[in-house]
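Below is coords.txt, holding compact mmCIF, C-alpha atoms.
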# COMPACT_ATOMS: atom_id res chain seq x y z
CA MET A 27 -85.41 -52.07 -212.15
CA LYS A 28 -82.52 -54.25 -210.96
CA ARG A 29 -80.28 -51.16 -210.76
CA LEU A 30 -82.90 -49.34 -208.69
CA LEU A 31 -83.18 -52.24 -206.24
CA THR A 32 -79.39 -52.47 -205.98
CA ALA A 33 -79.16 -48.71 -205.35
CA VAL A 34 -81.86 -48.86 -202.65
CA LEU A 35 -80.14 -51.81 -200.95
CA PHE A 36 -76.75 -50.07 -201.11
CA ALA A 37 -78.23 -46.83 -199.72
CA SER A 38 -79.89 -48.70 -196.86
CA LEU A 39 -76.58 -50.34 -195.97
CA LEU A 40 -74.90 -46.93 -195.89
CA ALA A 41 -77.69 -45.49 -193.75
CA THR A 42 -76.99 -47.95 -190.91
CA PRO A 43 -73.58 -47.16 -189.44
CA ALA A 44 -71.31 -50.20 -189.21
CA GLY A 45 -70.18 -49.42 -185.65
CA ALA A 46 -73.58 -48.70 -184.12
CA ALA A 47 -75.56 -51.43 -182.42
CA GLY A 48 -79.23 -51.84 -183.33
CA TRP A 49 -81.62 -52.26 -180.41
CA ALA A 50 -85.14 -53.71 -180.37
CA VAL A 51 -87.35 -52.00 -177.81
CA ASP A 52 -89.34 -54.23 -175.48
CA TYR A 53 -92.51 -52.14 -175.44
CA ALA A 54 -94.13 -54.30 -172.75
CA LYS A 55 -91.33 -53.31 -170.36
CA SER A 56 -90.96 -49.71 -171.54
CA ARG A 57 -92.81 -46.49 -170.76
CA LEU A 58 -92.90 -43.09 -172.44
CA GLY A 59 -94.92 -40.45 -170.65
CA PHE A 60 -95.08 -37.03 -169.09
CA THR A 61 -96.00 -35.18 -165.92
CA VAL A 62 -97.37 -31.64 -165.63
CA GLN A 63 -98.52 -29.75 -162.57
CA TRP A 64 -102.30 -29.32 -162.63
CA SER A 65 -103.67 -27.09 -159.85
CA ASN A 66 -100.42 -27.72 -157.96
CA GLU A 67 -100.88 -31.50 -158.18
CA PRO A 68 -98.97 -33.78 -160.58
CA PHE A 69 -100.91 -35.06 -163.58
CA SER A 70 -99.15 -38.00 -165.25
CA ALA A 71 -99.93 -39.82 -168.47
CA ALA A 72 -98.26 -42.30 -170.80
CA PHE A 73 -98.31 -42.95 -174.51
CA LYS A 74 -99.44 -46.51 -175.19
CA THR A 75 -98.26 -46.60 -178.81
CA TRP A 76 -94.86 -45.42 -180.02
CA LYS A 77 -91.93 -46.74 -182.04
CA ALA A 78 -88.23 -46.22 -181.50
CA ASP A 79 -85.48 -46.95 -184.01
CA ILE A 80 -82.22 -46.98 -182.04
CA ASP A 81 -78.64 -47.60 -183.15
CA PHE A 82 -76.39 -47.02 -180.15
CA ASP A 83 -72.95 -48.24 -179.12
CA PRO A 84 -71.38 -46.46 -176.11
CA ALA A 85 -67.97 -47.00 -177.74
CA ASP A 86 -69.07 -45.33 -181.00
CA LEU A 87 -71.28 -42.34 -180.16
CA ALA A 88 -70.35 -40.60 -183.42
CA HIS A 89 -72.47 -43.13 -185.30
CA ALA A 90 -75.27 -43.49 -182.76
CA ARG A 91 -78.76 -42.35 -183.71
CA ALA A 92 -82.34 -42.63 -182.51
CA ALA A 93 -85.71 -41.75 -183.95
CA VAL A 94 -88.91 -41.99 -181.92
CA THR A 95 -92.43 -41.60 -183.33
CA ILE A 96 -95.30 -41.23 -180.87
CA ASP A 97 -98.98 -41.87 -181.57
CA MET A 98 -100.46 -38.84 -179.78
CA ALA A 99 -103.96 -40.36 -179.69
CA SER A 100 -102.56 -43.15 -177.52
CA GLU A 101 -102.09 -40.79 -174.55
CA ALA A 102 -103.76 -42.28 -171.48
CA SER A 103 -104.05 -41.41 -167.80
CA ASP A 104 -106.45 -42.17 -164.98
CA GLU A 105 -108.49 -39.09 -165.95
CA ASP A 106 -110.64 -39.75 -169.05
CA GLU A 107 -111.90 -36.15 -169.15
CA PHE A 108 -108.35 -34.77 -169.19
CA ASP A 109 -107.35 -37.30 -171.86
CA SER A 110 -110.11 -36.23 -174.24
CA GLY A 111 -109.19 -32.58 -173.67
CA LEU A 112 -105.52 -33.29 -174.36
CA ARG A 113 -106.38 -34.96 -177.65
CA GLY A 114 -108.58 -32.03 -178.71
CA VAL A 115 -107.87 -28.73 -180.48
CA PHE A 116 -106.46 -27.00 -177.39
CA GLY A 117 -104.20 -29.95 -176.60
CA PHE A 118 -102.34 -32.22 -179.02
CA GLU A 119 -105.02 -31.79 -181.72
CA VAL A 120 -104.56 -35.39 -182.82
CA SER A 121 -107.02 -35.10 -185.71
CA LYS A 122 -104.58 -32.72 -187.41
CA PHE A 123 -101.28 -33.82 -185.78
CA PRO A 124 -101.55 -37.57 -185.13
CA SER A 125 -97.90 -38.11 -184.27
CA ALA A 126 -94.92 -36.45 -182.62
CA GLN A 127 -91.26 -37.19 -183.36
CA PHE A 128 -87.99 -36.99 -181.45
CA LEU A 129 -84.93 -37.24 -183.68
CA VAL A 130 -81.63 -37.47 -181.81
CA THR A 131 -78.81 -35.64 -183.55
CA ASN A 132 -76.08 -36.18 -180.95
CA PHE A 133 -75.20 -38.41 -178.00
CA THR A 134 -72.70 -37.31 -175.37
CA HIS A 135 -71.16 -39.36 -172.58
CA LYS A 136 -70.97 -37.49 -169.26
CA THR A 137 -69.62 -39.80 -166.53
CA GLY A 138 -70.16 -43.43 -165.60
CA ASN A 139 -73.54 -44.52 -166.99
CA ASP A 140 -74.77 -40.97 -167.61
CA TYR A 141 -75.38 -39.72 -171.15
CA VAL A 142 -77.19 -36.89 -172.90
CA ALA A 143 -79.22 -37.18 -176.09
CA THR A 144 -79.66 -33.92 -177.98
CA GLY A 145 -82.22 -33.68 -180.71
CA ALA A 146 -85.32 -32.13 -182.18
CA LEU A 147 -88.83 -32.72 -180.82
CA THR A 148 -91.78 -32.06 -183.11
CA ILE A 149 -95.27 -31.71 -181.66
CA ARG A 150 -98.23 -30.13 -183.51
CA GLY A 151 -95.91 -29.33 -186.43
CA VAL A 152 -93.56 -27.25 -184.22
CA THR A 153 -89.95 -28.39 -183.88
CA LYS A 154 -87.79 -27.36 -180.93
CA PRO A 155 -84.42 -28.54 -179.61
CA VAL A 156 -84.60 -30.88 -176.61
CA THR A 157 -81.91 -32.27 -174.34
CA LEU A 158 -82.60 -35.62 -172.69
CA PRO A 159 -80.16 -36.63 -169.93
CA PHE A 160 -80.38 -40.37 -169.31
CA THR A 161 -78.79 -43.23 -167.43
CA LEU A 162 -77.86 -46.37 -169.36
CA ALA A 163 -77.29 -49.82 -167.87
CA ILE A 164 -76.26 -52.63 -170.23
CA SER A 165 -76.24 -56.21 -169.03
CA GLY A 166 -75.40 -58.74 -171.73
CA LYS A 167 -77.74 -58.05 -174.62
CA THR A 168 -80.23 -55.99 -172.60
CA ALA A 169 -80.16 -52.23 -172.09
CA HIS A 170 -82.21 -50.20 -169.65
CA ILE A 171 -82.50 -46.43 -170.08
CA THR A 172 -84.16 -43.97 -167.73
CA GLY A 173 -84.27 -40.24 -168.27
CA THR A 174 -86.26 -37.05 -168.16
CA ALA A 175 -86.42 -33.95 -170.31
CA GLN A 176 -88.02 -30.62 -169.57
CA VAL A 177 -90.16 -28.96 -172.25
CA MET A 178 -92.52 -26.01 -172.28
CA ARG A 179 -95.95 -27.04 -173.57
CA THR A 180 -96.63 -23.55 -174.93
CA ASP A 181 -93.54 -23.80 -177.18
CA PHE A 182 -95.51 -26.45 -179.08
CA HIS A 183 -98.88 -24.60 -178.93
CA VAL A 184 -100.28 -27.18 -176.50
CA GLY A 185 -102.83 -25.41 -174.36
CA GLU A 186 -103.87 -22.31 -176.25
CA GLY A 187 -106.82 -20.01 -175.78
CA GLU A 188 -108.17 -20.23 -172.24
CA TRP A 189 -105.41 -22.77 -171.42
CA ALA A 190 -102.49 -20.53 -172.45
CA GLY A 191 -101.84 -19.36 -168.88
CA ASP A 192 -99.74 -21.15 -166.28
CA LYS A 193 -102.87 -22.04 -164.25
CA PRO A 194 -104.33 -24.58 -163.78
CA ALA A 195 -101.74 -26.42 -165.97
CA SER A 196 -98.14 -25.31 -165.65
CA HIS A 197 -96.17 -24.50 -168.78
CA ALA A 198 -93.32 -26.81 -167.74
CA VAL A 199 -93.74 -30.48 -168.63
CA THR A 200 -91.43 -33.32 -167.61
CA VAL A 201 -91.11 -36.01 -170.27
CA THR A 202 -90.17 -39.41 -168.80
CA VAL A 203 -88.48 -42.30 -170.55
CA ASP A 204 -88.08 -45.78 -169.07
CA LEU A 205 -86.94 -48.02 -171.90
CA THR A 206 -85.78 -51.63 -172.06
CA ALA A 207 -84.25 -52.92 -175.28
CA THR A 208 -82.32 -55.93 -176.54
CA ARG A 209 -79.82 -56.39 -179.31
CA PRO A 210 -79.35 -59.43 -181.52
Rewrite the structure of this file - the entire thing - as structure tokens.
Amino acid sequence: MKRLLTAVLFASLLATPAGAAGWAVDYAKSRLGFTVQWSNEPFSAAFKTWKADIDFDPADLAHARAAVTIDMASEASDEDEFDSGLRGVFGFEVSKFPSAQFLVTNFTHKTGNDYVATGALTIRGVTKPVTLPFTLAISGKTAHITGTAQVMRTDFHVGEGEWAGDKPASHAVTVTVDLTATRP
């Protein structure tokens, strides 16, 4: 048993890169949501419950990583009827697929405070590559990230049957990230 515990501890130390900086998300100051055109008007919603595990050091992008898990039932907007439809079988189907994941496989620095996170987004059991350009501002031990990614809802089987067309809900969805985090 002692060997097993030692092996698990050693493996966990190896799993966290020495050069990367761990960040604790301030969920009260952060927002993860999306906007889609509905009958040529923007429909926006946010996820109230999600977790992000982020190790990121701008000076050591090779060891940076991020994993985000989203509680799909926590989607909320100002339109209760839309929300219940989104959680149902033609939307996120939360009874069968309660969570979505975004696993970042690569970070790239562009210029100044501009970066790109490349990874895999899984919704409704379907995994697709996603690129998330973002701006990073670090002040002391606080980081603020804002970014958007474009995804096609039909790639993830969101909106099937009578909702498969591009009307009234467009296929293109803009995912928005506004994240504040601190490091120890």
Could you give me, as a CSV table (one decimal) with C-alpha atoms, in the frame of the given file, the residues within 12 Å of Gly185 (chain A), counting only C-alpha atoms and dropping anything in the same chain fewer than 3 positions from it?
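Contents of out_26.csv, freshly written:
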chain,number,residue,atom,x,y,z
A,111,GLY,CA,-109.2,-32.6,-173.7
A,112,LEU,CA,-105.5,-33.3,-174.4
A,113,ARG,CA,-106.4,-35.0,-177.6
A,114,GLY,CA,-108.6,-32.0,-178.7
A,115,VAL,CA,-107.9,-28.7,-180.5
A,116,PHE,CA,-106.5,-27.0,-177.4
A,117,GLY,CA,-104.2,-30.0,-176.6
A,118,PHE,CA,-102.3,-32.2,-179.0
A,119,GLU,CA,-105.0,-31.8,-181.7
A,150,ARG,CA,-98.2,-30.1,-183.5
A,178,MET,CA,-92.5,-26.0,-172.3
A,179,ARG,CA,-96.0,-27.0,-173.6
A,180,THR,CA,-96.6,-23.6,-174.9
A,181,ASP,CA,-93.5,-23.8,-177.2
A,182,PHE,CA,-95.5,-26.4,-179.1
A,188,GLU,CA,-108.2,-20.2,-172.2
A,189,TRP,CA,-105.4,-22.8,-171.4
A,190,ALA,CA,-102.5,-20.5,-172.4
A,191,GLY,CA,-101.8,-19.4,-168.9
A,192,ASP,CA,-99.7,-21.2,-166.3
A,193,LYS,CA,-102.9,-22.0,-164.2
A,194,PRO,CA,-104.3,-24.6,-163.8
A,195,ALA,CA,-101.7,-26.4,-166.0
A,196,SER,CA,-98.1,-25.3,-165.6
A,197,HIS,CA,-96.2,-24.5,-168.8
A,198,ALA,CA,-93.3,-26.8,-167.7
A,199,VAL,CA,-93.7,-30.5,-168.6
Expressed in Å, the length from CA of Ala169 (chain A) to CA of Ala207 (chain A) is 5.2 Å
For a test of reading the model, state the distance in Å between CA of Thr148 (chain A) and CA of Phe69 (chain A), rounded to one decimal.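 Going from CA of Thr148 (chain A) over to CA of Phe69 (chain A) covers 21.8 Å.
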Between CA of Asp204 (chain A) and CA of Ile171 (chain A), what is the distance in Å, rounded to a tenth?
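Computing the Euclidean distance for CA of Asp204 (chain A) and CA of Ile171 (chain A) yields 5.7 Å.
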Write out as an MDAnalysis selection string which residues come within 9 Å of Gly48 (chain A) when counting all atoms listed in the file, dropping same-chain ones fewer than 4 positions away.
chainID A and resid 42 79:83 208:210
Save out the residues we just selected, C-alpha atoms, as a JSON list (two decimals), in the frame of the given file.
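After the write, part_31.json holds the following:
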[["chain", "number", "residue", "atom", "x", "y", "z"],
["A", 42, "THR", "CA", -76.99, -47.95, -190.91],
["A", 79, "ASP", "CA", -85.48, -46.95, -184.01],
["A", 80, "ILE", "CA", -82.22, -46.98, -182.04],
["A", 81, "ASP", "CA", -78.64, -47.60, -183.15],
["A", 82, "PHE", "CA", -76.39, -47.02, -180.15],
["A", 83, "ASP", "CA", -72.95, -48.24, -179.12],
["A", 208, "THR", "CA", -82.32, -55.93, -176.54],
["A", 209, "ARG", "CA", -79.82, -56.39, -179.31],
["A", 210, "PRO", "CA", -79.35, -59.43, -181.52]]
Distance query Val156 (chain A) at most 10 Å, all atoms listed in the file, self and fewer than 4 positions along chain excluded, as a PDB file with C-alpha atoms, in the coordinates of the input:
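around-v5.pdb written:
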ATOM      1  CA  PHE A 128     -87.990 -36.990-181.450  1.00  0.00           C
ATOM      2  CA  LEU A 129     -84.930 -37.240-183.680  1.00  0.00           C
ATOM      3  CA  VAL A 130     -81.630 -37.470-181.810  1.00  0.00           C
ATOM      4  CA  ALA A 143     -79.220 -37.180-176.090  1.00  0.00           C
ATOM      5  CA  THR A 144     -79.660 -33.920-177.980  1.00  0.00           C
ATOM      6  CA  GLY A 145     -82.220 -33.680-180.710  1.00  0.00           C
ATOM      7  CA  ALA A 146     -85.320 -32.130-182.180  1.00  0.00           C
ATOM      8  CA  LEU A 147     -88.830 -32.720-180.820  1.00  0.00           C
ATOM      9  CA  THR A 148     -91.780 -32.060-183.110  1.00  0.00           C
ATOM     10  CA  ALA A 175     -86.420 -33.950-170.310  1.00  0.00           C
ATOM     11  CA  GLN A 176     -88.020 -30.620-169.570  1.00  0.00           C
ATOM     12  CA  VAL A 177     -90.160 -28.960-172.250  1.00  0.00           C
TER      13      VAL A 177
END
| said: Let me make sure I understand: among A:Trp64, A:Ala50, A:Gln127, A:Ala99, which one has the smallest atom-to-atom distance to Lys167 (chain A) if we use all atoms listed in the file? | reply: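 Once distances to Lys167 (chain A) are computed over all atoms listed in the file, the minimum belongs to A:Ala50.
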* So which residues touch Lys77 (chain A) within 10 Å, counting only C-alpha atoms, skipping near sequence neighbours fewer than 5 positions away, as a PyMOL selection string? -> chain A and resi 50-51+53+93-97+127
### Query
Taking (-107.1, -44.2, -171.3) in the file's coordinates, which residues come within 12 Å, counting only C-alpha atoms, written as JSON, numbers by chain?
{"A": [70, 71, 72, 73, 74, 75, 99, 100, 101, 102, 103, 104, 105, 106, 107, 108, 109, 110, 112, 113]}
Store the residues picked out above, limited to C-alpha atoms, as a short mmCIF file (atom, residue, chain, number, x, y, z; two decimals), keeping the file's coordinate frame.
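Contents of part_15.cif, as written:
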data_model
loop_
_atom_site.label_atom_id
_atom_site.label_comp_id
_atom_site.auth_asym_id
_atom_site.auth_seq_id
_atom_site.Cartn_x
_atom_site.Cartn_y
_atom_site.Cartn_z
CA SER A 70 -99.15 -38.00 -165.25
CA ALA A 71 -99.93 -39.82 -168.47
CA ALA A 72 -98.26 -42.30 -170.80
CA PHE A 73 -98.31 -42.95 -174.51
CA LYS A 74 -99.44 -46.51 -175.19
CA THR A 75 -98.26 -46.60 -178.81
CA ALA A 99 -103.96 -40.36 -179.69
CA SER A 100 -102.56 -43.15 -177.52
CA GLU A 101 -102.09 -40.79 -174.55
CA ALA A 102 -103.76 -42.28 -171.48
CA SER A 103 -104.05 -41.41 -167.80
CA ASP A 104 -106.45 -42.17 -164.98
CA GLU A 105 -108.49 -39.09 -165.95
CA ASP A 106 -110.64 -39.75 -169.05
CA GLU A 107 -111.90 -36.15 -169.15
CA PHE A 108 -108.35 -34.77 -169.19
CA ASP A 109 -107.35 -37.30 -171.86
CA SER A 110 -110.11 -36.23 -174.24
CA LEU A 112 -105.52 -33.29 -174.36
CA ARG A 113 -106.38 -34.96 -177.65
#
Need to verify the contact set: Leu162 (chain A), 9 Å, all atoms listed in the file, exclusion of same-chain residues closer than 6 positions in sequence. Can you return it as a list in words?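 The contact residues come out as Asn139, Asp140, Tyr141, Ala169, His170, Ile171, Thr172 and Gly173 of chain A.
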Edge lengths and centre in Å, axis-aligned, region 167-175 of chain A plus 4 Å each side, as lines of an AutoDock Vina configuration file:
center_x = -82.1
center_y = -46.0
center_z = -171.2
size_x = 16.7
size_y = 32.1
size_z = 14.9
### Message
Which residue is closest to Thr168 (chain A)? Choose from A:Ala126, A:Pro155, A:Arg57, A:Leu205 and count all atoms listed in the file.
### Response
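Of A:Ala126, A:Pro155, A:Arg57, A:Leu205, the one nearest Thr168 (chain A), counting all atoms listed in the file, is A:Leu205.
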Which is closest to His135 (chain A) among A:Ala92, A:Thr157, A:Pro84, A:Gly166, if we use only C-alpha atoms?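 Ranking A:Ala92, A:Thr157, A:Pro84, A:Gly166 by distance to His135 (chain A), first place goes to A:Pro84.
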